[in-house]
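Student: Enclosed is the structure file input-v6.txt (compact mmCIF, N, CA and C atoms).
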# COMPACT_ATOMS: atom_id res chain seq x y z
N MET A 1 -38.79 48.79 -22.62
CA MET A 1 -37.71 48.29 -23.44
C MET A 1 -36.46 49.09 -23.10
N THR A 2 -35.42 48.40 -22.88
CA THR A 2 -34.19 49.08 -22.50
C THR A 2 -33.10 48.76 -23.49
N ALA A 3 -32.16 49.66 -23.55
CA ALA A 3 -31.01 49.48 -24.43
C ALA A 3 -30.06 48.49 -23.79
N THR A 4 -29.19 47.92 -24.58
CA THR A 4 -28.23 46.98 -24.04
C THR A 4 -27.09 47.67 -23.32
N THR A 5 -26.81 48.90 -23.67
CA THR A 5 -25.79 49.67 -22.98
C THR A 5 -26.29 51.08 -22.81
N PRO A 6 -26.13 51.66 -21.60
CA PRO A 6 -26.57 53.04 -21.42
C PRO A 6 -25.70 53.98 -22.24
N SER A 7 -26.30 55.05 -22.68
CA SER A 7 -25.60 56.02 -23.51
C SER A 7 -25.72 57.40 -22.90
N ALA A 8 -24.73 58.24 -23.20
CA ALA A 8 -24.83 59.65 -22.82
C ALA A 8 -25.87 60.29 -23.72
N PRO A 9 -26.60 61.30 -23.21
CA PRO A 9 -27.61 61.95 -24.04
C PRO A 9 -27.02 62.51 -25.33
N LEU A 10 -27.73 62.25 -26.42
CA LEU A 10 -27.32 62.75 -27.72
C LEU A 10 -28.17 63.97 -28.06
N PRO A 11 -27.55 65.13 -28.29
CA PRO A 11 -28.34 66.32 -28.61
C PRO A 11 -29.05 66.16 -29.95
N LEU A 12 -30.13 66.87 -30.09
CA LEU A 12 -30.89 66.86 -31.34
C LEU A 12 -30.20 67.81 -32.32
N PRO A 13 -29.61 67.28 -33.39
CA PRO A 13 -28.97 68.16 -34.38
C PRO A 13 -30.02 69.04 -35.07
N ARG A 14 -29.63 70.26 -35.40
CA ARG A 14 -30.55 71.21 -36.04
C ARG A 14 -31.11 70.64 -37.35
N TRP A 15 -30.26 70.01 -38.16
CA TRP A 15 -30.73 69.47 -39.44
C TRP A 15 -31.74 68.35 -39.22
N ALA A 16 -31.59 67.56 -38.15
CA ALA A 16 -32.55 66.50 -37.86
C ALA A 16 -33.89 67.10 -37.46
N ALA A 17 -33.85 68.17 -36.68
CA ALA A 17 -35.09 68.84 -36.30
C ALA A 17 -35.80 69.39 -37.53
N ARG A 18 -35.05 70.01 -38.42
CA ARG A 18 -35.66 70.56 -39.64
C ARG A 18 -36.31 69.46 -40.48
N LEU A 19 -35.60 68.35 -40.65
CA LEU A 19 -36.16 67.24 -41.41
C LEU A 19 -37.38 66.65 -40.70
N GLY A 20 -37.30 66.52 -39.39
CA GLY A 20 -38.42 65.98 -38.63
C GLY A 20 -39.66 66.84 -38.78
N TYR A 21 -39.50 68.14 -38.56
CA TYR A 21 -40.66 69.02 -38.67
C TYR A 21 -41.17 69.11 -40.11
N ALA A 22 -40.28 69.01 -41.08
CA ALA A 22 -40.73 68.99 -42.48
C ALA A 22 -41.60 67.77 -42.73
N GLY A 23 -41.33 66.69 -42.02
CA GLY A 23 -42.14 65.48 -42.16
C GLY A 23 -43.57 65.66 -41.70
N ALA A 24 -43.85 66.70 -40.94
CA ALA A 24 -45.22 66.96 -40.51
C ALA A 24 -46.03 67.66 -41.60
N LEU A 25 -45.35 68.28 -42.55
CA LEU A 25 -46.07 69.04 -43.59
C LEU A 25 -47.04 68.18 -44.39
N PRO A 26 -46.67 66.97 -44.83
CA PRO A 26 -47.66 66.16 -45.56
C PRO A 26 -48.89 65.82 -44.71
N PHE A 27 -48.70 65.59 -43.41
CA PHE A 27 -49.86 65.32 -42.55
C PHE A 27 -50.82 66.50 -42.57
N VAL A 28 -50.28 67.68 -42.34
CA VAL A 28 -51.11 68.89 -42.26
C VAL A 28 -51.75 69.20 -43.62
N ALA A 29 -50.96 69.13 -44.68
CA ALA A 29 -51.48 69.46 -46.01
C ALA A 29 -52.56 68.47 -46.45
N LEU A 30 -52.31 67.20 -46.21
CA LEU A 30 -53.30 66.20 -46.64
C LEU A 30 -54.56 66.25 -45.79
N ALA A 31 -54.43 66.53 -44.49
CA ALA A 31 -55.63 66.69 -43.65
C ALA A 31 -56.44 67.87 -44.13
N ALA A 32 -55.76 68.96 -44.45
CA ALA A 32 -56.47 70.14 -44.97
C ALA A 32 -57.16 69.80 -46.29
N ALA A 33 -56.49 69.03 -47.13
CA ALA A 33 -57.07 68.66 -48.42
C ALA A 33 -58.31 67.79 -48.26
N THR A 34 -58.38 66.98 -47.20
CA THR A 34 -59.58 66.16 -47.01
C THR A 34 -60.80 67.03 -46.73
N TRP A 35 -60.58 68.25 -46.30
CA TRP A 35 -61.67 69.19 -46.01
C TRP A 35 -61.86 70.21 -47.12
N LEU A 36 -60.76 70.66 -47.73
CA LEU A 36 -60.82 71.83 -48.59
C LEU A 36 -60.70 71.56 -50.09
N ALA A 37 -60.20 70.40 -50.44
CA ALA A 37 -60.04 70.09 -51.87
C ALA A 37 -61.41 69.94 -52.51
N PRO A 38 -61.46 70.09 -53.83
CA PRO A 38 -62.73 69.79 -54.52
C PRO A 38 -63.20 68.40 -54.13
N THR A 39 -64.47 68.23 -54.02
CA THR A 39 -65.06 66.99 -53.52
C THR A 39 -64.50 65.75 -54.23
N ALA A 40 -64.28 65.84 -55.51
CA ALA A 40 -63.78 64.69 -56.27
C ALA A 40 -62.40 64.23 -55.81
N TYR A 41 -61.64 65.10 -55.14
CA TYR A 41 -60.27 64.77 -54.73
C TYR A 41 -60.12 64.47 -53.24
N ARG A 42 -61.15 64.66 -52.47
CA ARG A 42 -61.05 64.47 -51.02
C ARG A 42 -60.75 63.02 -50.65
N GLY A 43 -61.34 62.09 -51.35
CA GLY A 43 -61.06 60.67 -51.09
C GLY A 43 -59.61 60.33 -51.38
N HIS A 44 -59.07 60.92 -52.44
CA HIS A 44 -57.66 60.70 -52.75
C HIS A 44 -56.76 61.28 -51.67
N ALA A 45 -57.14 62.44 -51.16
CA ALA A 45 -56.36 63.06 -50.08
C ALA A 45 -56.40 62.17 -48.83
N ALA A 46 -57.56 61.61 -48.52
CA ALA A 46 -57.68 60.72 -47.36
C ALA A 46 -56.83 59.47 -47.56
N SER A 47 -56.84 58.92 -48.76
CA SER A 47 -56.02 57.74 -49.04
C SER A 47 -54.53 58.06 -48.92
N ALA A 48 -54.14 59.21 -49.42
CA ALA A 48 -52.75 59.62 -49.32
C ALA A 48 -52.35 59.85 -47.86
N LEU A 49 -53.24 60.45 -47.08
CA LEU A 49 -52.98 60.67 -45.66
C LEU A 49 -52.84 59.33 -44.94
N LEU A 50 -53.70 58.40 -45.25
CA LEU A 50 -53.63 57.06 -44.66
C LEU A 50 -52.30 56.38 -45.02
N ALA A 51 -51.91 56.46 -46.28
CA ALA A 51 -50.66 55.83 -46.71
C ALA A 51 -49.45 56.50 -46.05
N TYR A 52 -49.45 57.82 -45.96
CA TYR A 52 -48.33 58.52 -45.33
C TYR A 52 -48.26 58.18 -43.85
N GLY A 53 -49.42 58.15 -43.19
CA GLY A 53 -49.44 57.78 -41.77
C GLY A 53 -48.92 56.38 -41.53
N ALA A 54 -49.28 55.44 -42.40
CA ALA A 54 -48.79 54.07 -42.27
C ALA A 54 -47.28 54.00 -42.47
N THR A 55 -46.79 54.78 -43.42
CA THR A 55 -45.35 54.82 -43.67
C THR A 55 -44.60 55.34 -42.46
N ILE A 56 -45.09 56.42 -41.87
CA ILE A 56 -44.44 57.01 -40.72
C ILE A 56 -44.52 56.08 -39.51
N ALA A 57 -45.66 55.42 -39.31
CA ALA A 57 -45.79 54.48 -38.20
C ALA A 57 -44.78 53.34 -38.35
N SER A 58 -44.61 52.85 -39.56
CA SER A 58 -43.61 51.79 -39.80
C SER A 58 -42.21 52.29 -39.49
N PHE A 59 -41.93 53.52 -39.87
CA PHE A 59 -40.63 54.13 -39.58
C PHE A 59 -40.40 54.22 -38.08
N MET A 60 -41.44 54.60 -37.33
CA MET A 60 -41.29 54.73 -35.88
C MET A 60 -40.95 53.39 -35.24
N GLY A 61 -41.49 52.33 -35.75
CA GLY A 61 -41.14 51.01 -35.23
C GLY A 61 -39.73 50.60 -35.62
N ALA A 62 -39.37 50.91 -36.85
CA ALA A 62 -38.05 50.52 -37.35
C ALA A 62 -36.92 51.18 -36.56
N ILE A 63 -37.18 52.35 -36.02
CA ILE A 63 -36.17 53.01 -35.20
C ILE A 63 -35.73 52.10 -34.06
N HIS A 64 -36.66 51.35 -33.49
CA HIS A 64 -36.33 50.49 -32.36
C HIS A 64 -35.43 49.32 -32.76
N TRP A 65 -35.61 48.82 -33.95
CA TRP A 65 -34.67 47.80 -34.45
C TRP A 65 -33.28 48.40 -34.55
N GLY A 66 -33.18 49.57 -35.16
CA GLY A 66 -31.88 50.21 -35.32
C GLY A 66 -31.21 50.49 -33.98
N LEU A 67 -31.99 50.97 -33.01
CA LEU A 67 -31.41 51.25 -31.70
C LEU A 67 -30.96 49.97 -31.01
N ALA A 68 -31.77 48.94 -31.09
CA ALA A 68 -31.41 47.67 -30.45
C ALA A 68 -30.18 47.04 -31.12
N MET A 69 -30.05 47.24 -32.41
CA MET A 69 -28.91 46.65 -33.13
C MET A 69 -27.60 47.37 -32.84
N ARG A 70 -27.66 48.56 -32.25
CA ARG A 70 -26.44 49.29 -31.91
C ARG A 70 -25.63 48.57 -30.85
N GLY A 71 -26.30 47.88 -29.95
CA GLY A 71 -25.62 47.17 -28.89
C GLY A 71 -25.47 45.71 -29.24
N ALA A 72 -24.89 44.98 -28.31
CA ALA A 72 -24.76 43.53 -28.51
C ALA A 72 -26.15 42.92 -28.55
N LEU A 73 -26.37 42.03 -29.49
CA LEU A 73 -27.68 41.37 -29.57
C LEU A 73 -27.84 40.47 -28.35
N THR A 74 -28.97 40.59 -27.72
CA THR A 74 -29.24 39.83 -26.51
C THR A 74 -30.47 38.97 -26.75
N PRO A 75 -30.73 38.06 -25.84
CA PRO A 75 -31.94 37.25 -26.01
C PRO A 75 -33.22 38.03 -25.70
N GLN A 76 -33.09 39.33 -25.39
CA GLN A 76 -34.27 40.14 -25.09
C GLN A 76 -34.96 40.56 -26.39
N PRO A 77 -36.12 40.00 -26.65
CA PRO A 77 -36.78 40.32 -27.93
C PRO A 77 -37.61 41.60 -27.91
N GLY A 78 -37.81 42.23 -26.76
CA GLY A 78 -38.72 43.37 -26.63
C GLY A 78 -38.58 44.43 -27.70
N PRO A 79 -37.39 45.04 -27.89
CA PRO A 79 -37.28 46.09 -28.90
C PRO A 79 -37.56 45.59 -30.31
N PHE A 80 -37.22 44.35 -30.59
CA PHE A 80 -37.44 43.81 -31.93
C PHE A 80 -38.93 43.50 -32.16
N VAL A 81 -39.59 42.97 -31.13
CA VAL A 81 -41.02 42.71 -31.23
C VAL A 81 -41.77 44.03 -31.42
N TRP A 82 -41.42 45.02 -30.56
CA TRP A 82 -42.08 46.31 -30.71
C TRP A 82 -41.80 46.91 -32.08
N GLY A 83 -40.59 46.71 -32.58
CA GLY A 83 -40.19 47.29 -33.86
C GLY A 83 -41.06 46.85 -35.02
N VAL A 84 -41.63 45.66 -34.97
CA VAL A 84 -42.49 45.21 -36.07
C VAL A 84 -43.97 45.50 -35.81
N PHE A 85 -44.33 45.74 -34.56
CA PHE A 85 -45.73 45.97 -34.22
C PHE A 85 -46.35 47.14 -34.99
N PRO A 86 -45.70 48.32 -35.02
CA PRO A 86 -46.32 49.42 -35.76
C PRO A 86 -46.54 49.11 -37.24
N SER A 87 -45.62 48.39 -37.86
CA SER A 87 -45.78 48.04 -39.28
C SER A 87 -47.00 47.15 -39.48
N LEU A 88 -47.18 46.20 -38.60
CA LEU A 88 -48.31 45.28 -38.74
C LEU A 88 -49.64 46.00 -38.52
N VAL A 89 -49.70 46.86 -37.52
CA VAL A 89 -50.94 47.61 -37.27
C VAL A 89 -51.19 48.59 -38.41
N ALA A 90 -50.14 49.22 -38.90
CA ALA A 90 -50.30 50.15 -40.02
C ALA A 90 -50.82 49.44 -41.26
N TRP A 91 -50.35 48.24 -41.50
CA TRP A 91 -50.83 47.46 -42.64
C TRP A 91 -52.32 47.16 -42.49
N VAL A 92 -52.73 46.78 -41.28
CA VAL A 92 -54.16 46.53 -41.04
C VAL A 92 -54.95 47.82 -41.26
N ALA A 93 -54.40 48.95 -40.80
CA ALA A 93 -55.09 50.24 -40.98
C ALA A 93 -55.32 50.54 -42.45
N LEU A 94 -54.40 50.14 -43.30
CA LEU A 94 -54.56 50.35 -44.74
C LEU A 94 -55.70 49.53 -45.33
N LEU A 95 -56.05 48.45 -44.68
CA LEU A 95 -57.11 47.56 -45.16
C LEU A 95 -58.49 47.98 -44.67
N LEU A 96 -58.54 48.87 -43.70
CA LEU A 96 -59.81 49.33 -43.14
C LEU A 96 -60.40 50.45 -43.99
N PRO A 97 -61.69 50.74 -43.80
CA PRO A 97 -62.24 51.94 -44.41
C PRO A 97 -61.41 53.15 -43.94
N ALA A 98 -61.32 54.17 -44.79
CA ALA A 98 -60.42 55.29 -44.53
C ALA A 98 -60.59 55.90 -43.15
N ALA A 99 -61.81 56.20 -42.74
CA ALA A 99 -62.02 56.85 -41.44
C ALA A 99 -61.49 55.98 -40.30
N GLN A 100 -61.77 54.69 -40.34
CA GLN A 100 -61.29 53.78 -39.29
C GLN A 100 -59.78 53.63 -39.34
N GLY A 101 -59.23 53.55 -40.54
CA GLY A 101 -57.79 53.42 -40.68
C GLY A 101 -57.06 54.63 -40.15
N LEU A 102 -57.59 55.83 -40.40
CA LEU A 102 -56.97 57.06 -39.91
C LEU A 102 -57.01 57.13 -38.40
N VAL A 103 -58.11 56.73 -37.79
CA VAL A 103 -58.20 56.70 -36.33
C VAL A 103 -57.23 55.66 -35.76
N THR A 104 -57.15 54.52 -36.40
CA THR A 104 -56.23 53.47 -35.96
C THR A 104 -54.80 53.99 -35.96
N LEU A 105 -54.42 54.68 -37.02
CA LEU A 105 -53.06 55.23 -37.09
C LEU A 105 -52.83 56.31 -36.04
N ALA A 106 -53.83 57.13 -35.77
CA ALA A 106 -53.68 58.15 -34.73
C ALA A 106 -53.42 57.48 -33.38
N LEU A 107 -54.16 56.44 -33.07
CA LEU A 107 -53.95 55.71 -31.82
C LEU A 107 -52.58 55.04 -31.80
N LEU A 108 -52.19 54.48 -32.93
CA LEU A 108 -50.89 53.81 -33.03
C LEU A 108 -49.75 54.80 -32.80
N LEU A 109 -49.83 55.98 -33.40
CA LEU A 109 -48.77 56.96 -33.21
C LEU A 109 -48.69 57.41 -31.75
N GLY A 110 -49.83 57.47 -31.08
CA GLY A 110 -49.83 57.76 -29.65
C GLY A 110 -49.13 56.67 -28.86
N MET A 111 -49.37 55.42 -29.25
CA MET A 111 -48.68 54.30 -28.60
C MET A 111 -47.18 54.37 -28.86
N CYS A 112 -46.80 54.71 -30.07
CA CYS A 112 -45.38 54.83 -30.40
C CYS A 112 -44.71 55.87 -29.52
N LEU A 113 -45.38 57.00 -29.33
CA LEU A 113 -44.81 58.03 -28.47
C LEU A 113 -44.68 57.53 -27.04
N ALA A 114 -45.69 56.83 -26.54
CA ALA A 114 -45.62 56.31 -25.17
C ALA A 114 -44.44 55.36 -25.00
N VAL A 115 -44.22 54.49 -25.97
CA VAL A 115 -43.08 53.58 -25.91
C VAL A 115 -41.77 54.36 -25.99
N ASP A 116 -41.71 55.33 -26.88
CA ASP A 116 -40.49 56.12 -27.03
C ASP A 116 -40.16 56.91 -25.77
N ARG A 117 -41.18 57.41 -25.09
CA ARG A 117 -40.94 58.15 -23.84
C ARG A 117 -40.31 57.26 -22.78
N ARG A 118 -40.61 55.99 -22.84
CA ARG A 118 -40.00 55.04 -21.89
C ARG A 118 -38.63 54.56 -22.35
N SER A 119 -38.46 54.40 -23.65
CA SER A 119 -37.23 53.77 -24.14
C SER A 119 -36.13 54.75 -24.55
N TYR A 120 -36.49 55.91 -25.06
CA TYR A 120 -35.46 56.85 -25.53
C TYR A 120 -34.45 57.23 -24.44
N PRO A 121 -34.87 57.48 -23.19
CA PRO A 121 -33.86 57.82 -22.19
C PRO A 121 -32.78 56.74 -22.02
N ALA A 122 -33.15 55.48 -22.13
CA ALA A 122 -32.17 54.41 -22.00
C ALA A 122 -31.17 54.41 -23.14
N TYR A 123 -31.56 54.95 -24.27
CA TYR A 123 -30.66 55.04 -25.42
C TYR A 123 -29.94 56.40 -25.47
N GLY A 124 -30.16 57.25 -24.49
CA GLY A 124 -29.54 58.56 -24.48
C GLY A 124 -30.20 59.54 -25.43
N LEU A 125 -31.49 59.33 -25.72
CA LEU A 125 -32.19 60.16 -26.70
C LEU A 125 -33.24 61.07 -26.09
N SER A 126 -33.15 61.34 -24.82
CA SER A 126 -34.13 62.23 -24.17
C SER A 126 -34.27 63.58 -24.86
N PRO A 127 -33.17 64.19 -25.37
CA PRO A 127 -33.33 65.48 -26.04
C PRO A 127 -34.22 65.43 -27.29
N TRP A 128 -34.48 64.26 -27.81
CA TRP A 128 -35.32 64.12 -29.00
C TRP A 128 -36.81 64.08 -28.65
N LEU A 129 -37.14 63.86 -27.38
CA LEU A 129 -38.54 63.67 -27.01
C LEU A 129 -39.43 64.89 -27.22
N PRO A 130 -38.97 66.11 -26.97
CA PRO A 130 -39.88 67.24 -27.27
C PRO A 130 -40.30 67.29 -28.75
N MET A 131 -39.36 67.06 -29.66
CA MET A 131 -39.72 67.03 -31.07
C MET A 131 -40.68 65.87 -31.34
N ARG A 132 -40.42 64.72 -30.76
CA ARG A 132 -41.31 63.57 -30.95
C ARG A 132 -42.73 63.91 -30.52
N MET A 133 -42.85 64.62 -29.38
CA MET A 133 -44.18 65.00 -28.88
C MET A 133 -44.85 65.95 -29.86
N HIS A 134 -44.14 66.96 -30.33
CA HIS A 134 -44.72 67.92 -31.28
C HIS A 134 -45.18 67.23 -32.56
N LEU A 135 -44.32 66.38 -33.09
CA LEU A 135 -44.65 65.70 -34.35
C LEU A 135 -45.81 64.73 -34.17
N THR A 136 -45.85 64.04 -33.04
CA THR A 136 -46.96 63.12 -32.80
C THR A 136 -48.27 63.89 -32.67
N LEU A 137 -48.24 65.02 -31.99
CA LEU A 137 -49.45 65.83 -31.88
C LEU A 137 -49.92 66.32 -33.25
N ALA A 138 -49.00 66.80 -34.06
CA ALA A 138 -49.37 67.28 -35.40
C ALA A 138 -49.93 66.13 -36.24
N ALA A 139 -49.27 64.98 -36.21
CA ALA A 139 -49.72 63.84 -37.01
C ALA A 139 -51.06 63.32 -36.51
N THR A 140 -51.20 63.19 -35.21
CA THR A 140 -52.44 62.65 -34.64
C THR A 140 -53.61 63.58 -34.93
N PHE A 141 -53.41 64.87 -34.71
CA PHE A 141 -54.49 65.83 -35.01
C PHE A 141 -54.85 65.76 -36.49
N SER A 142 -53.87 65.67 -37.35
CA SER A 142 -54.12 65.60 -38.79
C SER A 142 -54.89 64.34 -39.16
N LEU A 143 -54.47 63.21 -38.62
CA LEU A 143 -55.16 61.94 -38.91
C LEU A 143 -56.60 61.98 -38.43
N LEU A 144 -56.81 62.51 -37.23
CA LEU A 144 -58.17 62.59 -36.70
C LEU A 144 -59.02 63.58 -37.51
N ALA A 145 -58.43 64.70 -37.89
CA ALA A 145 -59.16 65.66 -38.72
C ALA A 145 -59.55 65.02 -40.05
N GLY A 146 -58.62 64.28 -40.64
CA GLY A 146 -58.92 63.59 -41.88
C GLY A 146 -60.02 62.55 -41.71
N SER A 147 -60.01 61.86 -40.58
CA SER A 147 -61.04 60.84 -40.34
C SER A 147 -62.42 61.46 -40.23
N LEU A 148 -62.49 62.67 -39.72
CA LEU A 148 -63.79 63.35 -39.60
C LEU A 148 -64.29 63.88 -40.94
N ALA A 149 -63.39 64.06 -41.88
CA ALA A 149 -63.78 64.61 -43.19
C ALA A 149 -64.31 63.54 -44.13
N VAL A 150 -63.95 62.29 -43.90
CA VAL A 150 -64.38 61.23 -44.84
C VAL A 150 -65.61 60.49 -44.35
Written as structure tokens, how would this file's structure read?
Tutor:
Amino acid sequence: MTATTPSAPLPLPRWAARLGYAGALPFVALAAATWLAPTAYRGHAASALLAYGATIASFMGAIHWGLAMRGALTPQPGPFVWGVFPSLVAWVALLLPAAQGLVTLALLLGMCLAVDRRSYPAYGLSPWLPMRMHLTLAATFSLLAGSLAV
């Protein structure tokens, strides 16, 4: 997926990095809770982890709509189609048993990163990719850890 107009690289603002990394805290905390919380609460932690993962996956897709809308709208549907894909898969993940849904979201977030690695440079967002990689690794590890606990 390519942008409609090439852009100069946009540096990652410090406040954006702080907010991004703060977004990993619920993944880590909820994954830990699926293992360490009293047994009666572990299922709730897994459900919360699943819901948070689905929310973040939807957000990752929505970024592509926003990026595509920055330029002139073209007949190229790629960024818009991709933009809704994570939301649809995340919704299906919410309907699955928790362990399967968590694995589905982990795979989906990996797909989102793969697409972003191809598309972000065209939008001038290459400096954001290291943070994207770190956050995807933290989220994916958390989702998989949670899936093993339930």
Student: Can you work out the spacing between CA of Leu102 in chain A and CA of Ala57 in chain A in Å, to one decimal?
Tutor: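 Going from CA of Leu102 in chain A over to CA of Ala57 in chain A covers 11.6 Å.
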Student: Given 4 Å of margin on each side, can you work out the centre and size in Å (one decimal) of an axis-aligned box holding every listed atom of range 20-26 of chain A, as AutoDock Vina command-line options?
Tutor:
--center_x -43.1 --center_y 67.3 --center_z -42.1 --size_x 19.6 --size_y 11.6 --size_z 15.0
Student: For a test of reading the model, state the distance in Å between CA of Pro130 in chain A and atom C of Tyr21 in chain A, rounded to one decimal.
Tutor: 13.0 Å
Student: Tell me, as a PyMOL selection string, which residues lie within 8 Å of Met69 in chain A, counting all atoms listed in the file; anything in the same chain fewer than 5 positions away does not count.
Tutor: chain A and resi 4+63-64+79-80
Student: Name the residues within 6.5 Å of (-58.7, 55.2, -52.0), counting only N, CA and C atoms in the file's coordinates, and put them as a PDB file with N, CA and C atoms, in the coordinates of the input.
Tutor:
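Saved to part.pdb:
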ATOM      1  N   GLY A  43     -61.340  62.090 -51.350  1.00  0.00           N
ATOM      2  CA  GLY A  43     -61.060  60.670 -51.090  1.00  0.00           C
ATOM      3  C   GLY A  43     -59.610  60.330 -51.380  1.00  0.00           C
ATOM      4  N   HIS A  44     -59.070  60.920 -52.440  1.00  0.00           N
ATOM      5  CA  HIS A  44     -57.660  60.700 -52.750  1.00  0.00           C
ATOM      6  C   HIS A  44     -56.760  61.280 -51.670  1.00  0.00           C
ATOM      7  N   ALA A  46     -57.560  61.610 -48.520  1.00  0.00           N
ATOM      8  CA  ALA A  46     -57.680  60.720 -47.360  1.00  0.00           C
ATOM      9  C   ALA A  46     -56.830  59.470 -47.560  1.00  0.00           C
ATOM     10  N   SER A  47     -56.840  58.920 -48.760  1.00  0.00           N
ATOM     11  CA  SER A  47     -56.020  57.740 -49.040  1.00  0.00           C
ATOM     12  C   SER A  47     -54.530  58.060 -48.920  1.00  0.00           C
TER      13      SER A  47
END
Student: Which of these residues is nearest to Val84 in chain A, using only C-alpha atoms: A:Leu125, A:Gly61, A:Leu143, A:Met133?
Tutor: A:Gly61
Student: Please compute the atom C of Val92 in chain A-atom C of Leu148 in chain A distance, one decimal, in Å.
Tutor: 18.6 Å
Student: Which residue, A:Val81, A:Leu49, A:Trp35, A:Leu94, has the smallest gap to Val150 in chain A when you use only N, CA and C atoms?
Tutor: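 Using only N, CA and C atoms, the shortest distance to Val150 in chain A belongs to A:Trp35.
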Student: Which is closer to Ser142 in chain A than all the others in A:Pro86, A:Leu36, A:Ala106, A:Arg14, using all atoms listed in the file?
Tutor: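 Using all atoms listed in the file, Ser142 in chain A sits closest to A:Ala106.
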Student: Write out as a count of residues only which residues come within 8 Å of Leu108 in chain A when counting only N, CA and C atoms, dropping same-chain ones fewer than 4 positions away.
Tutor: 10
Student: Given only C-alpha atoms as the basis, pick out the residue of A:Met131, A:Leu12, A:Ala145, A:Leu25 nearest to Ala99 in chain A.
Tutor: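 Between A:Met131, A:Leu12, A:Ala145, A:Leu25, the residue approaching Ala99 in chain A most closely is A:Ala145.
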Student: Where does DSSP see alpha helix (DSSP H) in chain A, if you list the residues as a PyMOL selection string?
Tutor: chain A and resi 14-22+25-36+39-70+78-95+98-119+129-149
Student: Taking (-25.5, 63.5, -26.2) in the file's coordinates as the center, which residues reach within 9 Å of it, counting only C-alpha atoms, put as number ranges by chain?
Tutor: A: 7-12, 124-127
Student: For Trp65 in chain A, which of A:Pro121, A:Pro97, A:Gly83, A:Gly146 is the closest residue, counting only C-alpha atoms?
Tutor: A:Gly83
Student: Nearest residue to Gly78 in chain A out of A:Ala32, A:Arg18, A:Ser119, A:Ser147, using only C-alpha atoms?
Tutor: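 So, comparing all the options, the nearest one is A:Ser119.
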Student: Can you patch up range 34-45 of chain A, filling it in to N, CA, C and O atoms, and show the result as a PDB file, in the frame of the given file?
Tutor:
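As written to disk, result_31.pdb reads:
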ATOM      1  N   THR A  34     -58.380  66.980 -47.200  1.00  0.00           N
ATOM      2  CA  THR A  34     -59.580  66.160 -47.010  1.00  0.00           C
ATOM      3  C   THR A  34     -60.800  67.030 -46.730  1.00  0.00           C
ATOM      4  O   THR A  34     -61.934  66.598 -46.938  1.00  0.00           O
ATOM      5  N   TRP A  35     -60.580  68.250 -46.300  1.00  0.00           N
ATOM      6  CA  TRP A  35     -61.670  69.190 -46.010  1.00  0.00           C
ATOM      7  C   TRP A  35     -61.860  70.210 -47.120  1.00  0.00           C
ATOM      8  O   TRP A  35     -62.988  70.623 -47.399  1.00  0.00           O
ATOM      9  N   LEU A  36     -60.760  70.660 -47.730  1.00  0.00           N
ATOM     10  CA  LEU A  36     -60.820  71.830 -48.590  1.00  0.00           C
ATOM     11  C   LEU A  36     -60.700  71.560 -50.090  1.00  0.00           C
ATOM     12  O   LEU A  36     -61.043  72.426 -50.889  1.00  0.00           O
ATOM     13  N   ALA A  37     -60.200  70.400 -50.440  1.00  0.00           N
ATOM     14  CA  ALA A  37     -60.040  70.090 -51.870  1.00  0.00           C
ATOM     15  C   ALA A  37     -61.410  69.940 -52.510  1.00  0.00           C
ATOM     16  O   ALA A  37     -62.410  69.707 -51.827  1.00  0.00           O
ATOM     17  N   PRO A  38     -61.460  70.090 -53.830  1.00  0.00           N
ATOM     18  CA  PRO A  38     -62.730  69.790 -54.520  1.00  0.00           C
ATOM     19  C   PRO A  38     -63.200  68.400 -54.130  1.00  0.00           C
ATOM     20  O   PRO A  38     -62.394  67.479 -53.915  1.00  0.00           O
ATOM     21  N   THR A  39     -64.470  68.230 -54.020  1.00  0.00           N
ATOM     22  CA  THR A  39     -65.060  66.990 -53.520  1.00  0.00           C
ATOM     23  C   THR A  39     -64.500  65.750 -54.230  1.00  0.00           C
ATOM     24  O   THR A  39     -64.251  64.734 -53.581  1.00  0.00           O
ATOM     25  N   ALA A  40     -64.280  65.840 -55.510  1.00  0.00           N
ATOM     26  CA  ALA A  40     -63.780  64.690 -56.270  1.00  0.00           C
ATOM     27  C   ALA A  40     -62.400  64.230 -55.810  1.00  0.00           C
ATOM     28  O   ALA A  40     -62.019  63.087 -56.048  1.00  0.00           O
ATOM     29  N   TYR A  41     -61.640  65.100 -55.140  1.00  0.00           N
ATOM     30  CA  TYR A  41     -60.270  64.770 -54.730  1.00  0.00           C
ATOM     31  C   TYR A  41     -60.120  64.470 -53.240  1.00  0.00           C
ATOM     32  O   TYR A  41     -59.048  64.063 -52.805  1.00  0.00           O
ATOM     33  N   ARG A  42     -61.150  64.660 -52.470  1.00  0.00           N
ATOM     34  CA  ARG A  42     -61.050  64.470 -51.020  1.00  0.00           C
ATOM     35  C   ARG A  42     -60.750  63.020 -50.650  1.00  0.00           C
ATOM     36  O   ARG A  42     -59.988  62.763 -49.726  1.00  0.00           O
ATOM     37  N   GLY A  43     -61.340  62.090 -51.350  1.00  0.00           N
ATOM     38  CA  GLY A  43     -61.060  60.670 -51.090  1.00  0.00           C
ATOM     39  C   GLY A  43     -59.610  60.330 -51.380  1.00  0.00           C
ATOM     40  O   GLY A  43     -58.996  59.553 -50.645  1.00  0.00           O
ATOM     41  N   HIS A  44     -59.070  60.920 -52.440  1.00  0.00           N
ATOM     42  CA  HIS A  44     -57.660  60.700 -52.750  1.00  0.00           C
ATOM     43  C   HIS A  44     -56.760  61.280 -51.670  1.00  0.00           C
ATOM     44  O   HIS A  44     -55.753  60.680 -51.294  1.00  0.00           O
ATOM     45  N   ALA A  45     -57.140  62.440 -51.160  1.00  0.00           N
ATOM     46  CA  ALA A  45     -56.360  63.060 -50.080  1.00  0.00           C
ATOM     47  C   ALA A  45     -56.400  62.170 -48.830  1.00  0.00           C
ATOM     48  O   ALA A  45     -55.372  61.984 -48.167  1.00  0.00           O
TER      49      ALA A  45
END
